[in-house]
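Chemist: Right, I'll just put the structure down here and ask away after.
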Amino acid sequence: MNGLKRTPLYDLHVELGAKMVPFAGYEMPVQYPMGVMKEHLQTRQQVGLFDVSHMGQVLISGPSWESVAQAFESLVPMDVLGLEEDRQRYGFFTNDAGGIEDDLMFARRGAGLFVVVNAACKEADIARMRAALEPDLSVTELADRALIALQGPGAEVALSKLDPRAAGMRFMDVADLDLGGVTAWVSRSGYTGEDGYEISVAADAAAALTRALLDVDGVEPIGLGARDSLRLEAGLCLYGHDIGPDTNPVEAALTWAIQKVRRAGGDRAGGFPGADVIFDALAEGVQRKRVGLLPEGRAPMREGVALFDAEEGGKLIGLVTSGGFGPSVGGPVAMGYVTADLAAAGTAIWGEVRGKRLPLTVTKLPFVAANFKR
Amino acid sequence: MKFTEEHEWLREDGDEMIVGITAHAAEQLGDVVFVELPEEGTTVSKDDEVVVIESVKAASDILAPVDGEITEVNSALTDNPGMVNEDPQGEAWFFKMKISDASQLDDFMDEAAYQKFIG
C-alpha cells in the first residue's frame with residue numbers, strides 16, 4: 001500500500017492474521033481472524049487490545065502549569081486550569097464559527113499537558129497549537145511513542161498483572177506505570193464505553209508490551225471494525241462523521257464537556273474560537289440536535305441515510321451520521337442529526353433505505369450503559 | 001454445483017436451481033447481519049438485484065444468476081442472517097428459481113475452475 005505509514009505494531013498485526021486496510025494515512029488492522037462481531041463481544045465481555053498508535057500524541061510544556069493551561073484554554077472551551085495533577089479530560093478544538101475542528105483528550109502531567117488527537121487531524125492540530133502557543137510554550141509531537149488501548153471489564157485484572165497500581169486508578173486518572181520494565185504513561189479511559197486503559201509507550205517497547213498483554217488470559221487483539229461498533233453503541237462521536245467543522249457542540253450534544261467556568265458568566269468565560277456562537281447556541285437553542293436512532297427492523301441504517309417525519313411525503317428532517325449493527329444490542333443502531341423539534345426520545349421518524357422508508361425511534365444515548373470505574 | 005464470477009453457487013434440485021453465495025464470498029463479507037429476500041413468484045432477469053445482504057462492514061446485492069422465476073426463498077435467513085457465515089454452501093441458500101434458458105448455465109464454472117478463479 002503506497003505511501004501509507006505503519007505503526008510500531010504493524011508486524012505483530014500481520015503475524016496475528018489481521019486484515020490491514022488504509023485508515024487516516026496508516027495501514028491499520030480492521031479485523032483479526034476472530035471477526036468484527038466476536039471481537040466486539042470479546043471487548044464487552046472480557047478484554048480487547050487495540051492499536052491506536054496512529055493517533056497524534058503531543059506534549060505541551062512551558063515555564064509553569066498555569067502558563068500552559070491558560071494558553072491551551074485559548075484553543076478549547078474546556079476548564080484546563082482547573083484540571084488536577086494526573087487527571088485527564090475530554091475536549092475539542094473549536095473554530096470561529098463555533099464548529100469542531102477535532103476532539104481530543106488532554107491530561108495534566110507535571111507542568112505540561114499531554115494531548116491525544118485524531119490521526120486524520122493531527123497535522124492540522126499540531127499546526128494550530130504551534131501557531132497559538134509557540135514560542136512562549138513548546139509543542140512537541142511524540143512521534144516515537146505508540147498508543148495501546150486495553151478495554152473491557154477484565155482490563156483492570158489484566159493490566160494489574162503487569163503493575164498492580166493499575167487497579168488503584170479511577171476513570172480519567174493518569175499515572176506512570178512500570179509495565180515489564182518499561183515506564184508507560186497510562187490513563188484509565190478509552191473509547192468503547194467499557195472500563196479500560198490507554199497506554200502510551202516508547203515505540204521500540206510497544207511490540208513486547210503488546211505481546212505481554214496478549215499473553216494474559218482473556219485478552220485478544222481487536223481491529224478498527226469492532227472499535228467503530230463499540231464506540232457507536234457507547235454513543236461516542238467519530239470525528240469527521242458525527243462531528244466536524246460545521247457542527248457546534250450544542251448541536252452535537254457535547255455541552256457536558258464545556259465546564260461552567262468557561263461559559264457565559266463563568267470566571268474565565270469565552271476566550272476560545274467561536275465563543276460568541278456557542279454562547280448564543282447555549283442560550284437560544286439550536287435548529288438540529290445529535291440523537292441516538294434505533295431502527296425498528298433488522299436493516300442497518302448507515303451514514304448518509306436520509307431521515308423523514310412521515311412514512312410517505314413529509315419533509316427531510318436530518319441524516320444518519322454513523323450507523324450499523326450493534327452486536328451487544330443485537331440489532332441495528334445509529335446516530336445522526338434531526339431538527340430540534342423532533343429530537344425528543346421516543347419520537348417516531350423514518351429513514352430511507354434503498355428507496356423504502358423504514359421506521360426508527362429517536363433514542364437516548366448510549367445504547368449500552370457505560371461501564372466506567374468512577 | 002456451478003459457480004459464477006459473482007461468487008454465487010447454483011445446485012440442481014429437480015427442475016429448479018438452488019442459489020447461494022460461496023464460502024469465499026461469505027468470508028469476504030464478514031459477519032452477515034441482515035438479509036432481504038425477494039417475493040416468491042417474482043420473474044427476474046440475469047443480473048437483477050434480487051437479494052440485499054448486509055454485513056457488519058457494508059451492504060451488498062446478490063444478482064439473479066440467470067433469467068427465470070423465484071419459486072421459493074429461504075426465510076430462515078431473515079431471522080438468522082448469521083447462517084450465511086456458518087453454512088454458506090449448505091443450509092444458508094437464498095432462493096430457488098425456475099430457469100428460463102438453460103444455456104445461460106453454460107458459462108458458469110465448476111468447483112475446480114472457481115477455486116482457481118479466486119486464487
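Residues in the C-alpha cells are named by chain (A, B, ... in the order shown) and by number from 1 within that chain; ligands are numbered from 1 in the order shown.
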Please identify every residue of chain A that has at least one atom no farther than 7 Å from an atom of chain B, counting only C-alpha atoms, and for each give the shortest atom pair and the distance in Å to one decimal, arranged by chain then increasing number, as a Markdown table.

Modeler:
| residue | atom | partner | partner_atom | distance |
| --- | --- | --- | --- | --- |
| A:Gly35 | CA | B:Gly30 | CA | 6.9 |
| A:Met37 | CA | B:Asp31 | CA | 6.4 |
| A:Arg298 | CA | B:Phe34 | CA | 6.2 |
| A:Ala299 | CA | B:Phe34 | CA | 5.9 |
| A:Gly324 | CA | B:Val56 | CA | 6.7 |
| A:Phe325 | CA | B:Val56 | CA | 6.0 |

Chemist: Store the residues picked out above in a file with C-alpha atoms, as an mmCIF file, in the first residue's frame.

Modeler:
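Okay, part.cif is ready:
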data_model
loop_
_atom_site.group_PDB
_atom_site.id
_atom_site.type_symbol
_atom_site.label_atom_id
_atom_site.label_comp_id
_atom_site.auth_asym_id
_atom_site.auth_seq_id
_atom_site.Cartn_x
_atom_site.Cartn_y
_atom_site.Cartn_z
ATOM 1 C CA GLY A 35 -14.052 -11.267 13.060
ATOM 2 C CA MET A 37 -18.775 -9.403 15.695
ATOM 3 C CA ARG A 298 -33.274 -5.505 11.187
ATOM 4 C CA ALA A 299 -31.939 -3.400 8.322
ATOM 5 C CA GLY A 324 -24.526 -0.134 11.598
ATOM 6 C CA PHE A 325 -25.141 -3.305 13.512
#

Chemist: Write out as a list of chain:residue names which residues come within 12 Å of Thr42 of chain B when counting only C-alpha atoms, dropping same-chain ones fewer than 6 positions away.

Modeler: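 Listing them by chain and then by number gives B:Asp48, B:Glu49, B:Val50, B:Ala64, B:Asp67, B:Gly68, B:Glu69, B:Ile70, B:Thr71, B:Glu72, B:Val73, B:Phe95, B:Lys96, B:Met97, B:Lys98.
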
Chemist: Find the residues around Gln70 of chain A up to 10 Å (only C-alpha atoms counted), leave out those fewer than 6 positions away in its own chain, and share them as a PDB file with C-alpha atoms, in the first residue's frame.

Modeler:
ATOM      1  CA  ASP A  79     -11.614  24.115  32.046  1.00  0.00           C
ATOM      2  CA  VAL A  80      -7.932  23.292  31.640  1.00  0.00           C
ATOM      3  CA  LEU A  81      -6.591  25.348  34.537  1.00  0.00           C
ATOM      4  CA  GLY A  82      -8.862  23.538  36.977  1.00  0.00           C
ATOM      5  CA  ARG A 268     -12.927  32.512  32.589  1.00  0.00           C
TER       6      ARG A 268
END

Chemist: Taking only C-alpha atoms into account, which of B:Thr22, B:Glu16, B:Lys46, B:Gln28 comes nearest Phe3 of chain B?

Modeler: B:Thr22

Chemist: Which of these residues is nearest to Ile118 of chain B, using only C-alpha atoms: B:Val66, B:Leu105, B:Ala23, B:Met1?

Modeler: B:Ala23
